[in-house]
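*Asks:* The file below is entry-v1.tsv, TSV, C-alpha atoms and all ligand atoms:
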```tsv
chain	number	residue	atom	x	y	z
D	19	MET	CA	12.27	60.56	21.10
D	20	ILE	CA	9.69	57.85	21.57
D	21	ALA	CA	7.55	57.82	18.47
D	22	LYS	CA	4.15	56.22	17.93
D	23	GLN	CA	5.75	53.12	16.42
D	24	TRP	CA	6.99	51.82	19.76
D	25	SER	CA	7.80	48.14	19.32
D	26	GLY	CA	8.65	47.14	22.90
D	27	PRO	CA	6.25	45.94	25.60
D	28	ALA	CA	3.05	47.95	25.95
D	29	ILE	CA	3.26	47.82	29.74
D	30	GLU	CA	6.34	47.38	31.90
D	31	LEU	CA	6.94	47.50	35.63
D	32	GLN	CA	10.61	47.80	36.62
D	33	ASN	CA	11.49	46.93	40.22
D	34	LEU	CA	8.45	48.84	41.37
D	35	CYS	CA	8.20	49.55	45.12
D	36	ARG	CA	5.62	51.50	47.08
D	37	THR	CA	5.54	51.62	50.84
D	38	PHE	CA	2.92	53.18	53.10
D	39	GLY	CA	4.61	53.51	56.49
D	40	SER	CA	5.77	50.00	57.30
D	41	THR	CA	3.50	48.36	54.67
D	42	HIS	CA	5.26	47.19	51.52
D	43	ALA	CA	2.21	47.56	49.29
D	44	VAL	CA	4.32	46.83	46.17
D	45	ASN	CA	7.64	45.13	46.78
D	46	ASN	CA	10.07	45.08	43.86
D	47	VAL	CA	7.57	44.00	41.20
D	48	SER	CA	8.73	43.66	37.58
D	49	PHE	CA	6.85	42.29	34.60
D	50	VAL	CA	6.12	43.13	30.99
D	51	VAL	CA	2.93	42.87	28.98
D	52	PRO	CA	3.50	42.51	25.22
D	53	ALA	CA	1.42	44.76	22.96
D	54	GLY	CA	-1.94	43.28	22.02
D	55	SER	CA	-2.05	40.77	24.87
D	56	VAL	CA	-4.22	40.38	27.96
D	57	PHE	CA	-2.45	40.05	31.31
D	58	GLY	CA	-4.35	38.96	34.42
D	59	TYR	CA	-3.13	40.42	37.70
D	60	ILE	CA	-4.35	38.08	40.40
D	61	GLY	CA	-4.07	38.39	44.15
D	62	PRO	CA	-6.02	38.41	47.38
D	63	ASN	CA	-7.21	41.57	49.16
D	64	GLY	CA	-4.40	43.95	49.97
D	65	ALA	CA	-1.92	42.23	47.64
D	66	GLY	CA	-0.84	45.45	45.93
D	67	LYS	CA	-2.77	45.24	42.65
D	68	THR	CA	-4.54	48.58	42.93
D	69	THR	CA	-1.41	50.39	44.07
D	70	SER	CA	0.65	49.16	41.11
D	71	MET	CA	-2.18	49.90	38.68
D	72	ARG	CA	-2.60	53.40	40.08
D	73	ILE	CA	1.14	54.03	39.63
D	74	LEU	CA	0.90	52.90	36.00
D	75	ALA	CA	-2.14	55.14	35.57
D	76	THR	CA	-0.13	58.16	36.85
D	77	LEU	CA	-2.31	58.51	39.98
D	78	GLU	CA	0.32	57.46	42.50
D	79	LEU	CA	4.09	57.79	42.73
D	80	PRO	CA	6.29	54.80	43.56
D	81	THR	CA	8.83	54.82	46.39
D	82	SER	CA	11.33	53.47	43.86
D	83	GLY	CA	11.36	51.75	40.48
D	84	ASP	CA	9.52	52.80	37.36
D	85	ALA	CA	6.43	51.98	35.32
D	86	PHE	CA	6.06	52.39	31.56
D	87	ILE	CA	3.22	52.56	29.06
D	88	GLU	CA	4.49	52.05	25.50
D	89	GLY	CA	7.95	53.09	26.62
D	90	LEU	CA	6.78	56.31	28.32
D	91	SER	CA	7.40	56.61	32.04
D	92	SER	CA	4.22	57.05	34.11
D	93	ILE	CA	6.37	58.94	36.58
D	94	ASN	CA	8.31	61.26	34.27
D	95	ASP	CA	5.92	61.59	31.36
D	96	PRO	CA	2.42	61.36	32.86
D	97	ASP	CA	0.61	63.57	30.33
D	98	ARG	CA	1.68	61.52	27.35
D	99	VAL	CA	0.97	58.29	29.24
D	100	ARG	CA	-2.61	59.42	29.94
D	101	GLY	CA	-3.21	59.91	26.23
D	102	ARG	CA	-2.42	56.25	25.54
D	103	LEU	CA	-4.03	54.73	28.58
D	104	GLY	CA	-7.58	54.05	29.69
D	105	PHE	CA	-7.93	53.30	33.40
D	106	MET	CA	-10.99	51.74	34.99
D	107	PRO	CA	-10.67	52.08	38.78
D	108	ASP	CA	-12.21	49.58	41.20
D	109	GLY	CA	-14.63	52.17	42.51
D	110	PHE	CA	-15.58	55.33	40.73
D	111	GLY	CA	-17.18	58.47	41.93
D	112	THR	CA	-19.98	59.63	39.68
D	113	TYR	CA	-22.19	62.62	39.73
D	114	GLY	CA	-25.59	61.06	40.37
D	115	ASP	CA	-27.70	63.66	38.54
D	116	THR	CA	-25.57	63.50	35.41
D	117	ASN	CA	-26.79	61.18	32.67
D	118	CYS	CA	-24.59	58.72	30.78
D	119	ALA	CA	-24.27	60.87	27.66
D	120	GLU	CA	-23.26	63.96	29.66
D	121	TYR	CA	-20.79	61.94	31.71
D	122	LEU	CA	-19.02	60.47	28.69
D	123	ASP	CA	-19.11	63.80	26.87
D	124	PHE	CA	-17.41	65.45	29.85
D	125	PHE	CA	-14.57	62.92	29.76
D	126	ALA	CA	-14.25	63.13	25.98
D	127	ARG	CA	-13.76	66.90	26.30
D	128	SER	CA	-11.29	66.42	29.17
D	129	TYR	CA	-9.21	64.22	26.89
D	130	GLY	CA	-9.37	66.82	24.13
D	131	VAL	CA	-11.53	64.70	21.82
D	132	ILE	CA	-13.19	67.39	19.75
D	133	GLY	CA	-15.63	68.11	16.93
D	134	ARG	CA	-16.96	65.28	14.78
D	135	GLN	CA	-14.44	62.94	16.29
D	136	ARG	CA	-16.11	63.42	19.68
D	137	THR	CA	-19.57	62.72	18.26
D	138	ARG	CA	-18.25	59.59	16.52
D	139	ARG	CA	-16.39	58.40	19.59
D	140	LEU	CA	-19.38	58.96	21.90
D	141	ARG	CA	-21.60	57.01	19.54
D	142	TRP	CA	-19.12	54.17	19.31
D	143	VAL	CA	-18.66	53.93	23.10
D	144	MET	CA	-22.43	54.05	23.74
D	145	ASP	CA	-22.98	51.36	21.17
D	146	PHE	CA	-20.08	49.16	22.33
D	147	THR	CA	-21.07	49.30	26.00
D	148	GLY	CA	-24.78	48.93	25.25
D	149	LEU	CA	-25.49	52.25	26.96
D	150	ASP	CA	-27.14	53.76	23.89
D	151	LYS	CA	-30.62	52.95	25.21
D	152	LEU	CA	-29.77	54.51	28.56
D	153	ALA	CA	-28.02	57.62	27.26
D	154	TYR	CA	-30.30	60.07	29.07
D	155	LYS	CA	-30.79	58.09	32.24
D	156	PRO	CA	-29.29	59.67	35.39
D	157	ILE	CA	-26.32	57.68	36.63
D	158	ARG	CA	-27.85	57.17	40.07
D	159	GLY	CA	-30.57	55.01	38.49
D	160	LEU	CA	-28.13	52.61	36.82
D	161	SER	CA	-27.58	49.03	37.99
D	162	LYS	CA	-24.10	47.99	39.13
D	163	GLY	CA	-23.55	46.23	35.79
D	164	MET	CA	-24.51	49.34	33.82
D	165	LYS	CA	-22.30	51.53	36.02
D	166	GLN	CA	-19.40	49.22	35.24
D	167	ARG	CA	-20.17	49.57	31.52
D	168	LEU	CA	-20.19	53.33	31.90
D	169	CYS	CA	-16.85	53.20	33.71
D	170	LEU	CA	-15.42	51.04	30.92
D	171	GLY	CA	-16.86	53.48	28.40
D	172	ARG	CA	-15.10	56.33	30.18
D	173	ALA	CA	-11.80	54.44	29.95
D	174	LEU	CA	-12.35	53.94	26.20
D	175	ILE	CA	-13.53	57.42	25.29
D	176	HIS	CA	-10.19	58.65	23.88
D	177	ASP	CA	-9.50	55.34	22.10
D	178	PRO	CA	-6.41	54.38	24.14
D	179	SER	CA	-4.19	51.52	23.02
D	180	VAL	CA	-3.64	50.26	26.58
D	181	LEU	CA	-6.37	49.49	29.13
D	182	ILE	CA	-5.93	48.98	32.85
D	183	LEU	CA	-9.02	47.50	34.46
D	184	ASP	CA	-9.04	47.19	38.25
D	185	GLU	CA	-11.42	44.40	39.27
D	186	PRO	CA	-14.04	45.24	36.67
D	187	ALA	CA	-16.07	42.12	37.46
D	188	ALA	CA	-16.37	42.70	41.22
D	189	GLY	CA	-19.97	42.68	42.35
D	190	LEU	CA	-21.43	41.71	38.98
D	191	ASP	CA	-24.00	38.96	38.55
D	192	PRO	CA	-23.07	35.96	36.35
D	193	ARG	CA	-24.68	37.34	33.18
D	194	ALA	CA	-23.00	40.73	33.59
D	195	ARG	CA	-19.67	38.95	34.13
D	196	ILE	CA	-20.08	37.00	30.91
D	197	GLU	CA	-21.00	40.18	29.02
D	198	LEU	CA	-18.01	42.01	30.47
D	199	ARG	CA	-15.74	39.11	29.46
D	200	GLN	CA	-17.11	39.30	25.92
D	201	MET	CA	-16.41	43.04	25.75
D	202	ILE	CA	-12.86	42.49	26.96
D	203	ARG	CA	-12.33	39.75	24.38
D	204	THR	CA	-13.57	42.08	21.65
D	205	LEU	CA	-11.21	44.84	22.76
D	206	ALA	CA	-8.30	42.38	22.86
D	207	ALA	CA	-9.20	41.13	19.37
D	208	GLU	CA	-9.00	44.74	18.18
D	209	GLY	CA	-5.40	44.81	19.37
D	210	LYS	CA	-5.67	46.67	22.66
D	211	THR	CA	-3.28	45.68	25.44
D	212	ILE	CA	-5.18	44.91	28.62
D	213	LEU	CA	-4.04	44.58	32.24
D	214	ILE	CA	-6.94	43.31	34.32
D	215	SER	CA	-7.02	42.46	38.01
D	216	SER	CA	-9.11	40.08	40.06
D	217	HIS	CA	-9.05	38.08	43.28
D	218	ILE	CA	-10.09	35.02	41.35
D	219	LEU	CA	-7.80	33.10	39.03
D	220	THR	CA	-10.67	31.15	37.43
D	221	GLU	CA	-12.42	34.37	36.51
D	222	LEU	CA	-9.52	35.54	34.35
D	223	ALA	CA	-7.80	32.33	33.28
D	224	GLU	CA	-9.79	31.88	30.09
D	225	MET	CA	-9.39	35.38	28.73
D	226	CYS	CA	-5.76	36.08	29.67
D	227	ASP	CA	-2.70	35.25	27.60
D	228	ARG	CA	-0.59	35.38	30.76
D	229	VAL	CA	-1.18	35.97	34.45
D	230	GLY	CA	0.86	37.27	37.36
D	231	ILE	CA	0.07	36.23	40.92
D	232	ILE	CA	0.84	38.79	43.61
D	233	GLU	CA	0.62	38.55	47.39
D	234	GLN	CA	1.79	40.96	50.07
D	235	GLY	CA	3.33	43.18	47.42
D	236	CYS	CA	5.49	40.41	45.90
D	237	LEU	CA	5.00	38.85	42.50
D	238	LEU	CA	4.99	35.10	43.19
D	239	ALA	CA	4.58	33.68	39.69
D	240	THR	CA	4.06	34.81	36.10
D	241	GLY	CA	3.35	32.89	32.91
D	242	THR	CA	0.47	31.22	31.17
D	243	VAL	CA	-1.90	29.41	33.49
D	244	GLU	CA	-0.59	26.12	32.08
D	245	GLU	CA	3.04	27.08	32.73
D	246	ILE	CA	2.26	28.01	36.32
D	247	ARG	CA	0.26	24.84	36.81
D	248	SER	CA	3.01	22.60	35.47
D	249	ARG	CA	5.71	24.43	37.46
D	250	LEU	CA	3.76	23.63	40.61
D	251	ARG	CA	2.94	20.08	39.72
D	252	LYS	CA	5.00	17.97	42.13
D	253	THR	CA	2.42	15.23	42.31
D	254	ARG	CA	-0.06	13.78	39.86
D	255	ASN	CA	-3.67	13.33	40.80
D	256	ILE	CA	-4.91	9.97	39.53
D	257	LEU	CA	-8.46	8.77	39.16
D	258	VAL	CA	-9.11	5.05	38.58
D	259	ARG	CA	-12.47	3.50	37.73
D	260	THR	CA	-12.74	-0.26	38.06
D	261	VAL	CA	-15.33	-2.96	37.65
D	262	GLY	CA	-15.36	-4.23	41.25
D	263	GLY	CA	-12.09	-4.96	43.05
D	264	VAL	CA	-11.84	-1.58	44.77
D	265	GLU	CA	-10.99	-3.07	48.20
D	266	GLN	CA	-8.31	-5.29	46.64
D	267	ALA	CA	-6.86	-2.34	44.74
D	268	LEU	CA	-6.70	-0.23	47.90
D	269	GLU	CA	-4.85	-3.08	49.68
D	270	LEU	CA	-2.32	-3.28	46.85
D	271	LEU	CA	-1.74	0.45	46.54
D	272	ARG	CA	-1.65	1.43	50.22
D	273	PRO	CA	1.95	0.26	50.88
D	274	HIS	CA	3.34	1.70	47.63
D	275	PRO	CA	5.91	4.43	48.46
D	276	ALA	CA	4.83	6.70	45.56
D	277	VAL	CA	1.13	6.60	46.50
D	278	ASP	CA	-0.36	9.24	48.77
D	279	GLN	CA	-3.84	10.41	49.82
D	280	LEU	CA	-5.42	7.16	48.71
D	281	GLU	CA	-9.18	6.92	48.91
D	282	GLY	CA	-11.80	4.69	47.35
D	283	GLU	CA	-15.54	4.86	47.00
D	284	ARG	CA	-17.75	2.42	45.08
D	285	ASP	CA	-15.92	1.86	41.78
D	286	LEU	CA	-13.66	4.93	42.03
D	287	ILE	CA	-10.17	5.24	43.50
D	288	ARG	CA	-8.32	8.52	43.85
D	289	PHE	CA	-4.72	9.06	44.88
D	290	HIS	CA	-1.65	11.20	44.31
D	291	ILE	CA	1.55	9.84	42.79
D	292	HIS	CA	4.88	11.30	43.82
D	293	GLY	CA	6.91	10.76	40.69
D	294	GLY	CA	6.58	10.67	36.96
D	295	ASP	CA	5.64	8.41	34.06
D	296	ALA	CA	7.58	5.40	35.42
D	297	GLU	CA	5.67	5.35	38.72
D	298	GLN	CA	2.34	5.93	36.96
D	299	VAL	CA	2.93	3.02	34.56
D	300	GLU	CA	4.15	0.76	37.38
D	301	ILE	CA	1.01	1.37	39.45
D	302	LEU	CA	-1.27	0.56	36.52
D	303	ARG	CA	0.70	-2.66	36.04
D	304	ILE	CA	0.22	-3.61	39.70
D	305	LEU	CA	-3.54	-3.31	39.22
D	306	THR	CA	-3.74	-5.19	35.94
D	307	ASP	CA	-1.32	-7.93	37.11
D	308	ALA	CA	-3.73	-8.49	39.99
D	309	ARG	CA	-6.48	-8.92	37.36
D	310	ILE	CA	-8.40	-5.90	38.53
D	311	ASP	CA	-10.59	-4.70	35.64
D	312	VAL	CA	-9.54	-1.09	35.08
D	313	LEU	CA	-12.02	0.94	33.03
D	314	ASP	CA	-10.35	4.36	33.36
D	315	TYR	CA	-6.90	5.40	34.56
D	316	ALA	CA	-6.57	9.14	34.23
D	317	THR	CA	-4.56	12.07	35.51
D	318	VAL	CA	-6.79	14.87	36.71
D	319	ASP	CA	-5.67	18.48	36.51
D	320	GLU	CA	-5.67	20.44	39.73
D	321	SER	CA	-8.39	23.01	39.84
D	322	LEU	CA	-7.30	26.61	39.39
D	323	GLU	CA	-8.39	27.25	42.97
D	324	ASP	CA	-5.88	24.59	44.09
D	325	VAL	CA	-3.17	26.24	41.99
D	326	PHE	CA	-3.93	29.61	43.56
D	327	LEU	CA	-3.93	28.16	47.08
D	328	GLN	CA	-0.61	26.42	46.46
D	329	ILE	CA	1.06	29.64	45.33
D	330	THR	CA	-0.33	32.03	47.91
D	331	GLN	CA	-0.02	31.71	51.67
D	332	GLY	CA	-3.16	33.55	52.68
D	333	ASN	CA	-1.21	36.17	54.62
D	334	VAL	CA	-2.50	39.71	54.66
D	335	GLN	CA	-0.72	42.90	55.66
D	401	LIG	N1	-3.09	55.25	50.65
D	401	LIG	C1	-2.73	54.23	51.43
D	401	LIG	N2	-2.31	54.44	52.69
D	401	LIG	C2	-1.91	53.41	53.47
D	401	LIG	N3	-1.93	52.12	53.08
D	401	LIG	C3	-2.36	51.84	51.85
D	401	LIG	C4	-2.77	52.88	50.95
D	401	LIG	N4	-3.13	52.31	49.76
D	401	LIG	C5	-2.95	50.98	49.92
D	401	LIG	N5	-2.48	50.70	51.16
D	401	LIG	C6	-2.13	49.37	51.69
D	401	LIG	O1	-1.30	48.76	50.73
D	401	LIG	C7	-1.61	47.37	50.63
D	401	LIG	C8	-1.95	47.05	49.19
D	401	LIG	O2	-3.21	47.62	48.88
D	401	LIG	P1	-3.86	47.55	47.41
D	401	LIG	O3	-5.13	48.33	47.47
D	401	LIG	O4	-2.85	47.94	46.42
D	401	LIG	O5	-4.16	46.01	47.28
D	401	LIG	P2	-5.13	45.23	46.28
D	401	LIG	O6	-4.40	44.01	45.83
D	401	LIG	O7	-5.63	46.13	45.22
D	401	LIG	O8	-6.31	44.83	47.25
D	401	LIG	P3	-7.90	44.72	46.99
D	401	LIG	O9	-8.09	43.50	46.18
D	401	LIG	O10	-8.44	44.59	48.35
D	401	LIG	O11	-8.32	45.98	46.29
D	401	LIG	C9	-2.73	47.10	51.62
D	401	LIG	O12	-2.15	46.64	52.82
D	401	LIG	C10	-3.35	48.47	51.81
D	401	LIG	O13	-3.94	48.58	53.08
```
Re-express the file's structure as structure tokens.
Ligand SMILES: Nc1ncnc2c1ncn2[C@@H]1O[C@H](COP(=O)(O)OP(=O)(O)OP(=O)(O)O)[C@@H](O)[C@H]1O

*Replies:*
Amino acid sequence: MIAKQWSGPAIELQNLCRTFGSTHAVNNVSFVVPAGSVFGYIGPNGAGKTTSMRILATLELPTSGDAFIEGLSSINDPDRVRGRLGFMPDGFGTYGDTNCAEYLDFFARSYGVIGRQRTRRLRWVMDFTGLDKLAYKPIRGLSKGMKQRLCLGRALIHDPSVLILDEPAAGLDPRARIELRQMIRTLAAEGKTILISSHILTELAEMCDRVGIIEQGCLLATGTVEEIRSRLRKTRNILVRTVGGVEQALELLRPHPAVDQLEGERDLIRFHIHGGDAEQVEILRILTDARIDVLDYATVDESLEDVFLQITQGNVQ
């Protein structure tokens, strides 16, 4: 029997597949999310994020493979999974005339949260999501940001240990995004395990312990953002700042076999080096031997957008 003191991964996908006709929405995806960590699930439109999250959340069945929440199969043990899991879908149907308090109360009752515990839980969720001042406001009058808070509140109402959040930041203004990020950080600091999806790597990079990049149903890379970045790094981007001598430097560097994409403007030179430390040191020596006054000689990290574009192909299905 799987007891409460499960010590394995909080979330696990095992060779998960889901096809819709000829579309491989999820194609043999496996990964684990350790308890208490935040995992970012990143991919373009139609990549298969929602489908895999819905399978984990017991709302969809896979064609093959399995999905587990704290060791319980979402396919074979959905009732127990639901008790441990809070799911925030990417769009949620609300009843416009219902107010926030009624809405959350309804879901608390559905989860069997009863008596004083329900009152306590409702108060906590209202307070945490900042909905306490809007408790009696009909849902149809809420802004997008407040609706998202309500949806997060609904996912938290039964105090689950695992949260699955499907694009919670979509459509939010910058302030609402920052506030949402803070709430997610707080939940993570309290020890909840969080799987969160987005189209945008930069949006999640800061708050995730690890990310997985998915496209056309296939998981292309997993790891920390730094691990993925360094795995991809075949070239180094170099930025040189000189005091004069840019034209001379360009002349010297242009024929070098390790130098690529060379460009210069005013006192700045940018280029890529194919190679490692030896080539980087040699190129600096070429410049200093030619008595070019080098102020800065730095490697520049690729932007996260570049990392994302390198991994994905931009194909949709
Ligand atoms: N019920 C369905 N019937 C047919 N095709 C579906 C169904 N659900 C999803 N798909 C297809 O499966 C693929 C994956 O869709 P999914 O919604 O999982 O992707 P996603 O990564 O969440 O995309 P988005 O970021 O746009 O929400 C898409 O090609 C989609 O059209």

*Asks:* With all atoms listed in the file counted, collect every polymer residue having an atom within 9 Å of ligand LIG 401 (chain D); state the result as an NGL selection string.

*Replies:* :D and (36-39 or 41-44 or 59-72 or 108 or 184-185 or 215-217 or 232-235 or 334-335)

*Asks:* May I have the residues from that selection written out with C-alpha atoms, as a PDB file, in the frame of the given file?

*Replies:*
```
ATOM      1  CA  ARG D  36       5.620  51.500  47.080  1.00  0.00           C
ATOM      2  CA  THR D  37       5.540  51.620  50.840  1.00  0.00           C
ATOM      3  CA  PHE D  38       2.920  53.180  53.100  1.00  0.00           C
ATOM      4  CA  GLY D  39       4.610  53.510  56.490  1.00  0.00           C
ATOM      5  CA  THR D  41       3.500  48.360  54.670  1.00  0.00           C
ATOM      6  CA  HIS D  42       5.260  47.190  51.520  1.00  0.00           C
ATOM      7  CA  ALA D  43       2.210  47.560  49.290  1.00  0.00           C
ATOM      8  CA  VAL D  44       4.320  46.830  46.170  1.00  0.00           C
ATOM      9  CA  TYR D  59      -3.130  40.420  37.700  1.00  0.00           C
ATOM     10  CA  ILE D  60      -4.350  38.080  40.400  1.00  0.00           C
ATOM     11  CA  GLY D  61      -4.070  38.390  44.150  1.00  0.00           C
ATOM     12  CA  PRO D  62      -6.020  38.410  47.380  1.00  0.00           C
ATOM     13  CA  ASN D  63      -7.210  41.570  49.160  1.00  0.00           C
ATOM     14  CA  GLY D  64      -4.400  43.950  49.970  1.00  0.00           C
ATOM     15  CA  ALA D  65      -1.920  42.230  47.640  1.00  0.00           C
ATOM     16  CA  GLY D  66      -0.840  45.450  45.930  1.00  0.00           C
ATOM     17  CA  LYS D  67      -2.770  45.240  42.650  1.00  0.00           C
ATOM     18  CA  THR D  68      -4.540  48.580  42.930  1.00  0.00           C
ATOM     19  CA  THR D  69      -1.410  50.390  44.070  1.00  0.00           C
ATOM     20  CA  SER D  70       0.650  49.160  41.110  1.00  0.00           C
ATOM     21  CA  MET D  71      -2.180  49.900  38.680  1.00  0.00           C
ATOM     22  CA  ARG D  72      -2.600  53.400  40.080  1.00  0.00           C
ATOM     23  CA  ASP D 108     -12.210  49.580  41.200  1.00  0.00           C
ATOM     24  CA  ASP D 184      -9.040  47.190  38.250  1.00  0.00           C
ATOM     25  CA  GLU D 185     -11.420  44.400  39.270  1.00  0.00           C
ATOM     26  CA  SER D 215      -7.020  42.460  38.010  1.00  0.00           C
ATOM     27  CA  SER D 216      -9.110  40.080  40.060  1.00  0.00           C
ATOM     28  CA  HIS D 217      -9.050  38.080  43.280  1.00  0.00           C
ATOM     29  CA  ILE D 232       0.840  38.790  43.610  1.00  0.00           C
ATOM     30  CA  GLU D 233       0.620  38.550  47.390  1.00  0.00           C
ATOM     31  CA  GLN D 234       1.790  40.960  50.070  1.00  0.00           C
ATOM     32  CA  GLY D 235       3.330  43.180  47.420  1.00  0.00           C
ATOM     33  CA  VAL D 334      -2.500  39.710  54.660  1.00  0.00           C
ATOM     34  CA  GLN D 335      -0.720  42.900  55.660  1.00  0.00           C
TER      35      GLN D 335
END
```

*Asks:* Between atom CA of Ser40 of chain D and atom CA of Ile218 of chain D, measure the distance and give it in Å to one decimal.

*Replies:*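 Computed distance, atom CA of Ser40 of chain D to atom CA of Ile218 of chain D, equals 27.0 Å.
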
*Asks:* Take the point (-5.8, 25.5, 38.8) in the file's coordinates, draw a sphere of radius 10 Å around it, and report as a PyMOL selection string every protein, DNA or RNA residue with an atom inside or on it, counting only C-alpha atoms.

*Replies:* chain D and resi 219-220+223+243-244+246-248+250+319-328

*Asks:* With C-alpha atoms retained, could you export that selection as a short mmCIF file (atom, residue, chain, number, x, y, z; two decimals), in the coordinates of the input?

*Replies:*
```cif
data_model
loop_
_atom_site.label_atom_id
_atom_site.label_comp_id
_atom_site.auth_asym_id
_atom_site.auth_seq_id
_atom_site.Cartn_x
_atom_site.Cartn_y
_atom_site.Cartn_z
CA LEU D 219 -7.80 33.10 39.03
CA THR D 220 -10.67 31.15 37.43
CA ALA D 223 -7.80 32.33 33.28
CA VAL D 243 -1.90 29.41 33.49
CA GLU D 244 -0.59 26.12 32.08
CA ILE D 246 2.26 28.01 36.32
CA ARG D 247 0.26 24.84 36.81
CA SER D 248 3.01 22.60 35.47
CA LEU D 250 3.76 23.63 40.61
CA ASP D 319 -5.67 18.48 36.51
CA GLU D 320 -5.67 20.44 39.73
CA SER D 321 -8.39 23.01 39.84
CA LEU D 322 -7.30 26.61 39.39
CA GLU D 323 -8.39 27.25 42.97
CA ASP D 324 -5.88 24.59 44.09
CA VAL D 325 -3.17 26.24 41.99
CA PHE D 326 -3.93 29.61 43.56
CA LEU D 327 -3.93 28.16 47.08
CA GLN D 328 -0.61 26.42 46.46
#
```

*Asks:* Name the residues in contact with segment 276-280 of chain D at a cut-off of 6 Å, using all atoms listed in the file, excluding same-chain residues fewer than 5 positions from it; report them as a PDB file with C-alpha atoms, in the frame of the given file.

*Replies:*
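Contents of around_24.pdb, freshly written:
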```
ATOM      1  CA  ARG D 288      -8.320   8.520  43.850  1.00  0.00           C
ATOM      2  CA  PHE D 289      -4.720   9.060  44.880  1.00  0.00           C
ATOM      3  CA  HIS D 290      -1.650  11.200  44.310  1.00  0.00           C
ATOM      4  CA  ILE D 291       1.550   9.840  42.790  1.00  0.00           C
ATOM      5  CA  HIS D 292       4.880  11.300  43.820  1.00  0.00           C
TER       6      HIS D 292
END
```

*Asks:* Determine, counting only C-alpha atoms, which protein, DNA and RNA residues have an atom within 9 Å of an atom of segment 74-80 of chain D; residues of the same chain fewer than 4 positions away are not included. Present the result as a list in words.

*Replies:* Ile29, Glu30, Leu31, Leu34, Cys35, Arg36, Thr37, Val44, Thr69, Ser70, Asp84, Ala85, Phe86, Ile87, Ser91, Ser92, Ile93, Asp95, Pro96, Asp97, Val99, Arg100, Leu103, Gly104, Phe105 and Ile182 of chain D

*Asks:* Take every atom of segment 179-191 of chain D listed in the file, pad by 4 Å on each side, and give me the axis-aligned box centre and edge lengths in Å, one decimal, as lines of an AutoDock Vina configuration file.

*Replies:*
```
center_x = -13.8
center_y = 45.2
center_z = 32.7
size_x = 28.4
size_y = 20.6
size_z = 27.3
```

*Asks:* Considering all atoms listed in the file, state which residue in the set D:Leu213, D:Met106, D:Cys118, D:Ile310 is at the smallest distance from Leu174 of chain D.

*Replies:*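 Closest to Leu174 of chain D of all the choices is D:Met106.
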